[in-house]
Amino acid sequence: MTEPGKGDAVQDEYPTSDPNAVLLPQPTAWPLVLALGISLIMAGMVTNVAVGILGLLLSVAGSFGWFFQVLPHEAHESVPVTGEEIRSVSTRTLMEREHRHPESATPRKILPVETFRITTGIRGGIAGGIAMIVPATIFSLLKYHSIWYAMNLLAAGGFVSWAGASDTFLSQFHLQGLLAGLLIHGLTSLLVGLLYGAMLPMFPRYPIVTAGFMAPLLFTGILYSALGIVSPILNQRIDWFWFIMSQIAFGLVCGFVVNLQTRVRTPQFQALPFAVRAGLHSDQDERTHQTPTNTDEKGISK
Amino acid sequence: MATHAPVTDSVVNSAPRRLVLEVLHDWVTTVDHKKIGLMYIGYALIFLVIAGFEALLMRVQLSIPNNHFVSPQVFNQLFTMHGTTMVFFVGMPVLFGFGNYLIPLMIGARDMAFPRLNAFSFWIASFGGLLLYFSYLGGSGLYGAGSAPDVGWFAYAPLTAHVFSPGHSTDYWTLAILLSGIGSIGTALNIVTTIICMRCPGMKLNRMPLLVWLYLVMSCLVFVTVSPLTAAQIMLMLDRYLGSHFFDTQAGGSAVLWMHFFWIFGHPEVYVLILPSFAFANEIIPVYSRKAIFGYPAMVAASVGIGFISLSVWAHHMFTVGMGAGANTFFTLATMIISVPTGIKIFNWLATLWGGKIHFTASMMFAVGFLFQFLIAGLTGIMLSVAPFDWQLSASYFVVAHFHYVLVGAILFILFAAFYYWYPKMTGRLLSEKLGKWHFWIFLIGFHLTFDFMHIPGLEGMPRRIYTYEADRGWMMWNMIVSSGAIFQTIGTLLFVYNMVWSFIKGPIAGPDPWDAWTLEWSTTSPPPHYNFAIIPTVESRRPLWDLKHPDDPDSHYE
């Protein structure tokens with residue numbers, strides 16, 4: 001917002017000869033009359049025809065009155081400018097923040113300076129999704145002597161007719177089960193991979209713990225509470241130990257692949273001083289402020 | 001400063017006292033967006049009290065088994081009038097009222113694009129409300145048949161046919177909604193035009209306050225959704241008056257057609273109500289967190305995304321009519337997908353709060369309550385989006401609890417937050433923070449007593465709209481708790497009304513910018529002058545007042 005220059009006059013789309021007045025639309029009752037008229041026409045349908053006729057008369061009068069408000073020229077009134085001068089000032093200043101971080105090149109945090117590309121999350125999701133298949137397949141082989149059980153169990157949530165399917169049925173190869181399972185697994189892996197790509201830069205410390213253990217355990221907790229609704233058959237037959245193993249496999253591989261990728265500069269980077277952007281000075285000062293300290297007015301975050 | 005010229009006239013404090021009739025004339029003939037906004041809000045608050053009283057009567061009726069506090073006929077009228085009033089004559093007017101008041105101020109304009117249409121829209125919508133309630137007198141008083149409408153707020157066919165709904169009670173409902181619809185479309189048209197055409201210099205689309213963005217999306221939704229409802233009302237009138245058979249199943253019509261027409265309005269209507277609520281949260285949460293909103297572009301994209309996706313979810317209200325597996329799957333997925341942009345919003349609000357210096361004013365407390373409760377409402381919404389789950393619980397109190405969690409837990413809470421936030425701008429006086437915090441805690445307790453426990457009888461099979469129930473159903477304790485919560489909510493609301501009246505007379509003077517905020521409405525006096533800004537402002541960032549207050553570190557360097 002900019003201060004007006006000296007000599008700025010009152011601005012309006014309808015210029016007035018008085019520099020200290022503003023032209024505004026003239027008050028009028030005709031919209032009220034027209035609204036009342038239309039309402040009475042409606043009311044006439046459920047009360048009495050006389051009410052409807054009165055409504056019609058009011059509508060005609062309201063329409064004409066309104067037309068003459070705007071034709072041939074819109075009616076205006078001149079309102080004098082009488083308000084006091086307002087000065088917008090903040091009760092807070094940037095001083096405290098600047099004192100707290102005197103080494104900072106700018107008086108505010110720049111978040112984030114770098115992040116991952118969207119494709120990073122997709123790659124991580126694909127890699128994690130493939131890794132997840134390994135423990136799931138080991139579980140199927142050890143317990144049901146078939147590599148298809150886990151895939152069919154996942155797909156069963158999408159088929160009402162599979163709700164009561166036997167273990168033998170689920171251990172056999174079914175093309176539709178394979179396709180449905182791949183679709184569900186692929187889509188979920190991609191979405192979770194994207195989430196990893198977006199969130200891992202926010203938790204730069206201990207990426208293996210965050211990606212490989214914390215996130216899978218949290219996701220398992222959420223799924224544990226909701227699986228009965230989402231897929232009752234999966235809920236009945238799931239082996240939680242092996243499920244957590246496959247989640248951890250996903251998290252470790254996805255997190256590893258995501259962290260391998262090169263980060264790219266965000267538009268926020270442009271706000272850094274030229275010396276930092278040109279590589280003459282380190283942007284380490286900025287990065288140190290990315291850790292969430294007690295941000296306040298003085299250190300406003302972007 | 002940019003928006004106000006120096007005092008040039010000595011009339012500021014020398015205005016003579018005016019007669020009541022003069023004041024009344026001013027308000028009746030006004031085309032000023034601020035006065036119209038306030039009238040919308042006042043009118044909605046009156047209907048809020050009426051519809052709230054109706055809810056209280058229903059809760060008294062249901063608090064114990066085999067109760068006959070009101071008759072079955074009156075009970076049917078109560079839930080019909082409560083639902084219709086809350087949606088059409090409380091929710092939409094109060095949100096339009098805030099929009100009317102705030103949008104021109106926030107975009108640096110002097111008024112709405114069509115001031116007279118603005119007045120017309122308000123008056124016709126308000127006459128709609130009066131016509132609806134005139135049915136209590138006119139329905140039987142003039143024709144001797146029927147009274148207030150009793151067909152429920154979605155008035156399914158064939159209940160609305162002459163055979164099942166003789167007299168004029170249903171006609172009053174139809175006509176009232178029709179009038180309200182005309183007003184809604186008029187106001188939506190005005191909002192869209194104002195936002196597109198009347199922004200001050202420098203206010204590009206990507207610098208508009210998020211509130212303005214959300215009102216733009218909401219108004220576009222109103223165009224698309226209110227039109228089918230209006231068409232359906234006209235078709236129903238033709239059925240009832242001229243013998244057409246749109247919804248007459250005996251003569252080849254379709255009752256399901258009405259359901260489609262109604263819900264293609266009805267579900268986006270939830271978003272028409274919730275988008276302005278998001279808008280309030282977008283303004284309130286950053287100011288009290290002392291941080292800029294996190295992820296402005298994502299918030300805009302999510303809002304537009306919600307607008308589009310909300311148009312493809314309506315038939316999740318119709319899972320039990322037997323639409324077939326294909327339609328069920330589509331509407332289940334569409335309903336689930338809408339949780340993605342909604343989730344983006346919740347994460348961004350949390351990210352805005354994260355690391356901020358949070359000021360727990362009454363307004364912020366209501367905003368945090370909104371965040372928490374909207375999340376829960378969304379989660380039960382996802383549960384209901386699963387067709388088999390919905391088959392079990394459709395038309396049960398679980399559904400009633402879910403949508404009241406949205407309407408009260410989210411929308412009403414953030415509305416209260418909006419009142420505490422913008423009341424100083426509208427009246428020039430601050431609401432009492434102490435009373436506000438009492439209001440918050442009492443209302444919060446009442447809300448959770450009522451709507452948390454309302455889920456349980458729903459899960460136990462209690463159908464919605466049931467007049468009374470047998471003692472052996474096991475619902476009594478839950479209903480007693482639910483009804484006792486309504487008493488807390490009533491006390492909280494009365495406290496709020498008292499606070500508004502008391503503060504209007506004796507509240508501390510607010511000044512132009514009591515919250516140290518960043519959008520343009522805070523750059524002018526409280527209340528703003530008739531012309532809003534003596535000098536049209538020029539903006540260079542999304543937070544023009546931040547730039548003005550901190551010229552050494554303006555936002556424009558970072559956007």
# chains A, B, ... in the order shown; residues from 1 in each chain; ligands from 1
$ residues_around --residues "Gln233 (chain B)" --least-positions-apart "2" --cutoff "12 Å" --atoms "only C-alpha atoms" --output "JSON, numbers by chain"
{"B": [154, 155, 156, 157, 160, 170, 171, 172, 173, 174, 175, 176, 177, 178, 179, 180, 181, 182, 226, 227, 228, 229, 230, 231, 235, 236, 237, 238, 239, 240, 241, 246, 247, 258, 261, 262, 265]}
$ write_last_selection --atoms "N, CA and C atoms" --output "mmCIF file, in the first residue's frame"
data_model
loop_
_atom_site.group_PDB
_atom_site.id
_atom_site.type_symbol
_atom_site.label_atom_id
_atom_site.label_comp_id
_atom_site.auth_asym_id
_atom_site.auth_seq_id
_atom_site.Cartn_x
_atom_site.Cartn_y
_atom_site.Cartn_z
ATOM 1 N N PHE B 154 -36.181 -30.746 3.007
ATOM 2 C CA PHE B 154 -35.941 -31.102 1.606
ATOM 3 C C PHE B 154 -37.193 -31.588 0.906
ATOM 4 N N ALA B 155 -38.339 -31.586 1.605
ATOM 5 C CA ALA B 155 -39.657 -31.685 0.968
ATOM 6 C C ALA B 155 -39.737 -32.724 -0.146
ATOM 7 N N TYR B 156 -39.427 -33.964 0.204
ATOM 8 C CA TYR B 156 -39.430 -35.015 -0.814
ATOM 9 C C TYR B 156 -40.817 -35.225 -1.419
ATOM 10 N N ALA B 157 -40.814 -35.476 -2.735
ATOM 11 C CA ALA B 157 -42.016 -35.944 -3.402
ATOM 12 C C ALA B 157 -42.194 -37.415 -3.019
ATOM 13 N N THR B 160 -45.119 -33.781 -1.080
ATOM 14 C CA THR B 160 -45.533 -32.410 -1.404
ATOM 15 C C THR B 160 -46.717 -32.365 -2.370
ATOM 16 N N THR B 170 -47.438 -26.166 2.088
ATOM 17 C CA THR B 170 -46.283 -26.454 1.228
ATOM 18 C C THR B 170 -46.041 -25.314 0.238
ATOM 19 N N ASP B 171 -47.137 -24.679 -0.187
ATOM 20 C CA ASP B 171 -46.974 -23.547 -1.120
ATOM 21 C C ASP B 171 -46.214 -22.398 -0.456
ATOM 22 N N TYR B 172 -46.530 -22.163 0.816
ATOM 23 C CA TYR B 172 -45.791 -21.117 1.526
ATOM 24 C C TYR B 172 -44.294 -21.444 1.527
ATOM 25 N N TRP B 173 -43.989 -22.708 1.764
ATOM 26 C CA TRP B 173 -42.580 -23.134 1.777
ATOM 27 C C TRP B 173 -41.947 -22.879 0.403
ATOM 28 N N THR B 174 -42.662 -23.333 -0.652
ATOM 29 C CA THR B 174 -42.131 -23.187 -2.013
ATOM 30 C C THR B 174 -41.900 -21.722 -2.361
ATOM 31 N N LEU B 175 -42.907 -20.890 -2.074
ATOM 32 C CA LEU B 175 -42.811 -19.480 -2.465
ATOM 33 C C LEU B 175 -41.728 -18.758 -1.665
ATOM 34 N N ALA B 176 -41.630 -19.106 -0.396
ATOM 35 C CA ALA B 176 -40.608 -18.456 0.436
ATOM 36 C C ALA B 176 -39.207 -18.790 -0.089
ATOM 37 N N ILE B 177 -39.012 -20.057 -0.453
ATOM 38 C CA ILE B 177 -37.689 -20.462 -0.965
ATOM 39 C C ILE B 177 -37.419 -19.788 -2.312
ATOM 40 N N LEU B 178 -38.475 -19.679 -3.099
ATOM 41 C CA LEU B 178 -38.347 -19.028 -4.407
ATOM 42 C C LEU B 178 -37.877 -17.584 -4.240
ATOM 43 N N LEU B 179 -38.510 -16.865 -3.317
ATOM 44 C CA LEU B 179 -38.128 -15.465 -3.088
ATOM 45 C C LEU B 179 -36.694 -15.389 -2.552
ATOM 46 N N SER B 180 -36.393 -16.280 -1.636
ATOM 47 C CA SER B 180 -35.036 -16.295 -1.086
ATOM 48 C C SER B 180 -34.017 -16.557 -2.199
ATOM 49 N N GLY B 181 -34.376 -17.449 -3.119
ATOM 50 C CA GLY B 181 -33.474 -17.789 -4.228
ATOM 51 C C GLY B 181 -33.214 -16.597 -5.123
ATOM 52 N N ILE B 182 -34.265 -15.796 -5.389
ATOM 53 C CA ILE B 182 -34.078 -14.596 -6.224
ATOM 54 C C ILE B 182 -33.074 -13.661 -5.541
ATOM 55 N N VAL B 226 -28.432 -22.635 -7.012
ATOM 56 C CA VAL B 226 -29.763 -22.106 -6.659
ATOM 57 C C VAL B 226 -30.695 -22.180 -7.869
ATOM 58 N N SER B 227 -30.124 -22.093 -9.058
ATOM 59 C CA SER B 227 -30.973 -22.143 -10.253
ATOM 60 C C SER B 227 -31.757 -23.452 -10.356
ATOM 61 N N PRO B 228 -31.139 -24.631 -10.188
ATOM 62 C CA PRO B 228 -31.939 -25.863 -10.224
ATOM 63 C C PRO B 228 -33.007 -25.902 -9.133
ATOM 64 N N LEU B 229 -32.680 -25.362 -7.973
ATOM 65 C CA LEU B 229 -33.676 -25.354 -6.897
ATOM 66 C C LEU B 229 -34.868 -24.485 -7.292
ATOM 67 N N THR B 230 -34.567 -23.309 -7.838
ATOM 68 C CA THR B 230 -35.645 -22.411 -8.262
ATOM 69 C C THR B 230 -36.481 -23.081 -9.345
ATOM 70 N N ALA B 231 -35.804 -23.732 -10.284
ATOM 71 C CA ALA B 231 -36.538 -24.449 -11.338
ATOM 72 C C ALA B 231 -37.435 -25.526 -10.732
ATOM 73 N N MET B 235 -41.451 -26.022 -10.900
ATOM 74 C CA MET B 235 -42.067 -27.291 -11.359
ATOM 75 C C MET B 235 -43.044 -27.823 -10.316
ATOM 76 N N LEU B 236 -42.675 -27.681 -9.059
ATOM 77 C CA LEU B 236 -43.572 -28.144 -7.996
ATOM 78 C C LEU B 236 -44.845 -27.312 -7.967
ATOM 79 N N MET B 237 -44.688 -26.014 -8.178
ATOM 80 C CA MET B 237 -45.876 -25.151 -8.232
ATOM 81 C C MET B 237 -46.774 -25.561 -9.400
ATOM 82 N N LEU B 238 -46.146 -25.884 -10.524
ATOM 83 C CA LEU B 238 -46.935 -26.322 -11.692
ATOM 84 C C LEU B 238 -47.674 -27.621 -11.366
ATOM 85 N N ASP B 239 -46.990 -28.517 -10.674
ATOM 86 C CA ASP B 239 -47.639 -29.771 -10.258
ATOM 87 C C ASP B 239 -48.842 -29.488 -9.365
ATOM 88 N N ARG B 240 -48.651 -28.588 -8.440
ATOM 89 C CA ARG B 240 -49.695 -28.361 -7.435
ATOM 90 C C ARG B 240 -50.829 -27.485 -7.946
ATOM 91 N N TYR B 241 -50.529 -26.590 -8.877
ATOM 92 C CA TYR B 241 -51.550 -25.629 -9.312
ATOM 93 C C TYR B 241 -52.124 -25.932 -10.688
ATOM 94 N N PHE B 246 -44.563 -33.510 -12.982
ATOM 95 C CA PHE B 246 -43.104 -33.694 -12.891
ATOM 96 C C PHE B 246 -42.724 -34.687 -11.800
ATOM 97 N N PHE B 247 -43.368 -34.548 -10.657
ATOM 98 C CA PHE B 247 -42.970 -35.380 -9.509
ATOM 99 C C PHE B 247 -44.085 -36.332 -9.089
ATOM 100 N N TRP B 258 -37.071 -35.110 -8.169
ATOM 101 C CA TRP B 258 -37.037 -34.039 -7.156
ATOM 102 C C TRP B 258 -35.784 -34.167 -6.291
ATOM 103 N N PHE B 261 -32.891 -32.833 -8.165
ATOM 104 C CA PHE B 261 -32.959 -31.363 -8.228
ATOM 105 C C PHE B 261 -32.606 -30.756 -6.884
ATOM 106 N N PHE B 262 -33.168 -31.353 -5.838
ATOM 107 C CA PHE B 262 -32.947 -30.744 -4.529
ATOM 108 C C PHE B 262 -31.493 -30.874 -4.105
ATOM 109 N N PHE B 265 -28.746 -28.879 -5.574
ATOM 110 C CA PHE B 265 -28.640 -27.628 -4.822
ATOM 111 C C PHE B 265 -28.099 -27.906 -3.408
#
$ residues_around --residues "Val230 (chain A)" --least-positions-apart "5" --cutoff "12 Å" --atoms "only C-alpha atoms" --output "PyMOL selection string"
(chain A and resi 154-158+222-225+235-236) or (chain B and resi 332+336+382-389)
$ select_by_dssp --residues "region 106-296 of chain A" --states "helix (DSSP H, G or I)" --output "number ranges by chain"
A: 118-144, 149-156, 160-162, 167-171, 175-202, 207-230, 232-237, 240-260, 267-271, 274-277, 284-288
$ residues_around --residues "region 484-500 of chain B" --least-positions-apart "5" --cutoff "6 Å" --atoms "only C-alpha atoms" --output "VMD selection string"
chain B and resid 439 442 to 443 446 449 to 450
$ residues_around --residues "Phe416 (chain B)" --least-positions-apart "2" --cutoff "10 Å" --atoms "only C-alpha atoms" --output "short mmCIF file (atom, residue, chain, number, x, y, z; two decimals) with all heavy atoms, in the first residue's frame"
data_model
loop_
_atom_site.label_atom_id
_atom_site.label_comp_id
_atom_site.auth_asym_id
_atom_site.auth_seq_id
_atom_site.Cartn_x
_atom_site.Cartn_y
_atom_site.Cartn_z
N ALA B 362 -11.17 -14.10 22.31
CA ALA B 362 -12.42 -14.86 22.15
C ALA B 362 -12.58 -15.30 20.69
O ALA B 362 -12.98 -16.43 20.41
CB ALA B 362 -13.60 -14.01 22.59
N SER B 363 -12.25 -14.40 19.79
CA SER B 363 -12.37 -14.71 18.36
C SER B 363 -11.49 -15.89 17.98
O SER B 363 -11.91 -16.82 17.29
CB SER B 363 -11.99 -13.47 17.55
OG SER B 363 -12.04 -13.75 16.19
N MET B 364 -10.24 -15.87 18.46
CA MET B 364 -9.31 -16.95 18.11
C MET B 364 -9.74 -18.26 18.75
O MET B 364 -9.58 -19.34 18.16
CB MET B 364 -7.90 -16.56 18.58
CG MET B 364 -6.83 -17.53 18.13
SD MET B 364 -6.76 -17.64 16.33
CE MET B 364 -5.22 -18.51 16.12
N MET B 365 -10.30 -18.19 19.94
CA MET B 365 -10.76 -19.42 20.60
C MET B 365 -11.87 -20.07 19.77
O MET B 365 -11.88 -21.29 19.57
CB MET B 365 -11.22 -19.11 22.02
CG MET B 365 -10.07 -18.78 22.95
SD MET B 365 -10.58 -17.96 24.46
CE MET B 365 -11.09 -19.34 25.44
N PHE B 366 -12.78 -19.25 19.28
CA PHE B 366 -13.83 -19.81 18.43
C PHE B 366 -13.23 -20.37 17.13
O PHE B 366 -13.69 -21.38 16.62
CB PHE B 366 -14.89 -18.76 18.11
CG PHE B 366 -15.96 -18.65 19.17
CD1 PHE B 366 -16.00 -17.58 20.03
CD2 PHE B 366 -16.93 -19.62 19.28
CE1 PHE B 366 -16.98 -17.48 21.01
CE2 PHE B 366 -17.92 -19.55 20.25
CZ PHE B 366 -17.94 -18.47 21.12
N ALA B 367 -12.19 -19.69 16.63
CA ALA B 367 -11.58 -20.16 15.38
C ALA B 367 -10.88 -21.51 15.59
O ALA B 367 -10.95 -22.40 14.73
CB ALA B 367 -10.59 -19.12 14.86
N PHE B 370 -13.46 -24.10 15.79
CA PHE B 370 -13.89 -24.40 14.41
C PHE B 370 -12.97 -25.42 13.76
O PHE B 370 -13.41 -26.40 13.16
CB PHE B 370 -13.92 -23.10 13.60
CG PHE B 370 -13.68 -23.26 12.12
CD1 PHE B 370 -14.72 -23.60 11.27
CD2 PHE B 370 -12.41 -23.06 11.57
CE1 PHE B 370 -14.50 -23.76 9.90
CE2 PHE B 370 -12.19 -23.21 10.22
CZ PHE B 370 -13.23 -23.56 9.38
N ILE B 411 -19.47 -23.95 11.15
CA ILE B 411 -19.95 -22.66 10.61
C ILE B 411 -20.33 -21.70 11.73
O ILE B 411 -19.91 -20.54 11.73
CB ILE B 411 -21.13 -22.90 9.65
CG1 ILE B 411 -20.66 -23.72 8.44
CG2 ILE B 411 -21.73 -21.58 9.20
CD1 ILE B 411 -21.76 -24.16 7.51
N LEU B 412 -21.12 -22.16 12.70
CA LEU B 412 -21.55 -21.22 13.74
C LEU B 412 -20.36 -20.78 14.60
O LEU B 412 -20.28 -19.60 14.99
CB LEU B 412 -22.64 -21.87 14.61
CG LEU B 412 -23.34 -20.92 15.58
CD1 LEU B 412 -23.98 -19.74 14.85
CD2 LEU B 412 -24.41 -21.65 16.39
N PHE B 413 -19.44 -21.69 14.87
CA PHE B 413 -18.27 -21.30 15.67
C PHE B 413 -17.45 -20.23 14.97
O PHE B 413 -17.04 -19.25 15.58
CB PHE B 413 -17.40 -22.54 15.98
CG PHE B 413 -17.72 -23.15 17.32
CD1 PHE B 413 -18.90 -23.82 17.52
CD2 PHE B 413 -16.84 -23.03 18.39
CE1 PHE B 413 -19.22 -24.37 18.75
CE2 PHE B 413 -17.15 -23.57 19.64
CZ PHE B 413 -18.33 -24.25 19.81
N ILE B 414 -17.22 -20.41 13.67
CA ILE B 414 -16.38 -19.42 12.99
C ILE B 414 -17.18 -18.12 12.78
O ILE B 414 -16.61 -17.04 12.73
CB ILE B 414 -15.81 -19.96 11.66
CG1 ILE B 414 -14.57 -19.16 11.24
CG2 ILE B 414 -16.84 -19.95 10.56
CD1 ILE B 414 -13.38 -19.32 12.09
N ALA B 418 -16.06 -14.52 13.77
CA ALA B 418 -16.16 -13.36 12.87
C ALA B 418 -16.83 -12.19 13.57
O ALA B 418 -16.42 -11.03 13.40
CB ALA B 418 -16.93 -13.74 11.61
N PHE B 419 -17.85 -12.49 14.37
CA PHE B 419 -18.50 -11.40 15.11
C PHE B 419 -17.50 -10.73 16.05
O PHE B 419 -17.41 -9.52 16.10
CB PHE B 419 -19.70 -11.93 15.91
CG PHE B 419 -20.98 -11.92 15.12
CD1 PHE B 419 -21.54 -13.10 14.66
CD2 PHE B 419 -21.63 -10.73 14.84
CE1 PHE B 419 -22.72 -13.11 13.93
CE2 PHE B 419 -22.81 -10.72 14.11
CZ PHE B 419 -23.35 -11.91 13.65
N TYR B 420 -16.76 -11.50 16.81
CA TYR B 420 -15.80 -10.90 17.75
C TYR B 420 -14.72 -10.13 17.01
O TYR B 420 -14.19 -9.14 17.52
CB TYR B 420 -15.19 -11.97 18.66
CG TYR B 420 -16.16 -12.43 19.73
CD1 TYR B 420 -16.91 -13.59 19.56
CD2 TYR B 420 -16.37 -11.67 20.87
CE1 TYR B 420 -17.82 -13.99 20.52
CE2 TYR B 420 -17.28 -12.07 21.84
CZ TYR B 420 -18.00 -13.24 21.65
OH TYR B 420 -18.92 -13.62 22.60
N TYR B 421 -14.40 -10.58 15.81
CA TYR B 421 -13.31 -9.95 15.05
C TYR B 421 -13.77 -8.65 14.38
O TYR B 421 -13.07 -7.64 14.44
CB TYR B 421 -12.82 -10.95 14.01
CG TYR B 421 -11.59 -10.51 13.23
CD1 TYR B 421 -10.35 -10.42 13.83
CD2 TYR B 421 -11.70 -10.21 11.87
CE1 TYR B 421 -9.23 -10.03 13.11
CE2 TYR B 421 -10.58 -9.82 11.14
CZ TYR B 421 -9.36 -9.73 11.77
OH TYR B 421 -8.26 -9.34 11.05
N GLY B 436 -17.02 -12.78 26.18
CA GLY B 436 -16.78 -13.60 24.99
C GLY B 436 -16.19 -14.95 25.37
O GLY B 436 -16.57 -15.98 24.80
N HIS B 439 -18.81 -17.00 26.92
CA HIS B 439 -19.66 -17.46 25.81
C HIS B 439 -19.02 -18.68 25.15
O HIS B 439 -19.68 -19.69 24.92
CB HIS B 439 -19.84 -16.31 24.82
CG HIS B 439 -20.45 -16.69 23.51
ND1 HIS B 439 -20.17 -16.03 22.33
CD2 HIS B 439 -21.31 -17.68 23.16
CE1 HIS B 439 -20.84 -16.59 21.36
NE2 HIS B 439 -21.54 -17.59 21.82
N PHE B 440 -17.72 -18.58 24.88
CA PHE B 440 -17.03 -19.68 24.20
C PHE B 440 -17.12 -20.97 25.01
O PHE B 440 -17.53 -22.01 24.49
CB PHE B 440 -15.56 -19.32 23.96
CG PHE B 440 -14.75 -20.49 23.46
CD1 PHE B 440 -14.87 -20.93 22.15
CD2 PHE B 440 -13.89 -21.19 24.32
CE1 PHE B 440 -14.14 -22.03 21.70
CE2 PHE B 440 -13.17 -22.28 23.87
CZ PHE B 440 -13.29 -22.70 22.56
N THR B 493 -25.67 -18.52 23.89
CA THR B 493 -26.14 -17.60 22.86
C THR B 493 -26.74 -16.34 23.48
O THR B 493 -26.52 -15.22 22.99
CB THR B 493 -27.19 -18.30 21.97
OG1 THR B 493 -26.64 -19.53 21.51
CG2 THR B 493 -27.57 -17.45 20.78
N PHE B 496 -24.06 -14.08 24.43
CA PHE B 496 -23.52 -13.41 23.23
C PHE B 496 -24.40 -12.22 22.84
O PHE B 496 -23.90 -11.12 22.57
CB PHE B 496 -23.45 -14.43 22.09
CG PHE B 496 -23.15 -13.86 20.74
CD1 PHE B 496 -21.95 -13.24 20.48
CD2 PHE B 496 -24.09 -13.94 19.72
CE1 PHE B 496 -21.67 -12.71 19.23
CE2 PHE B 496 -23.83 -13.41 18.48
CZ PHE B 496 -22.61 -12.78 18.23
#
$ select_by_dssp --residues "region 9-212 of chain A" --states "strand (DSSP E or B)" --output "list in words"
Ala21, Val22, Leu23, Leu24, Pro25, His76, Glu77, Ser78, Val79, Pro80, Glu114 and Thr115 of chain A
$ residues_around --residues "region 46-60 of chain A" --least-positions-apart "6" --cutoff "6 Å" --atoms "only C-alpha atoms" --output "number ranges by chain"
A: 34, 37-38, 40
$ write_last_selection --atoms "all heavy atoms" --output "compact mmCIF listing (two decimals), in the first residue's frame"
# COMPACT_ATOMS: atom_id res chain seq x y z
N LEU A 34 -40.28 -2.70 -5.24
CA LEU A 34 -40.34 -3.78 -6.22
C LEU A 34 -40.29 -5.15 -5.52
O LEU A 34 -41.05 -6.07 -5.85
CB LEU A 34 -39.18 -3.66 -7.22
CG LEU A 34 -39.14 -4.74 -8.31
CD1 LEU A 34 -40.40 -4.72 -9.16
CD2 LEU A 34 -37.91 -4.57 -9.20
N GLY A 37 -43.54 -5.79 -3.97
CA GLY A 37 -44.53 -6.10 -5.01
C GLY A 37 -44.43 -7.55 -5.45
O GLY A 37 -45.44 -8.28 -5.49
N ILE A 38 -43.23 -8.00 -5.75
CA ILE A 38 -43.06 -9.39 -6.21
C ILE A 38 -43.46 -10.36 -5.09
O ILE A 38 -44.14 -11.37 -5.33
CB ILE A 38 -41.60 -9.63 -6.65
CG1 ILE A 38 -41.28 -8.79 -7.88
CG2 ILE A 38 -41.35 -11.11 -6.93
CD1 ILE A 38 -39.82 -8.81 -8.30
N LEU A 40 -45.65 -9.85 -2.77
CA LEU A 40 -47.11 -9.87 -2.63
C LEU A 40 -47.77 -10.63 -3.78
O LEU A 40 -48.81 -11.28 -3.58
CB LEU A 40 -47.66 -8.43 -2.55
CG LEU A 40 -47.34 -7.71 -1.23
CD1 LEU A 40 -47.92 -6.29 -1.25
CD2 LEU A 40 -47.90 -8.46 -0.03
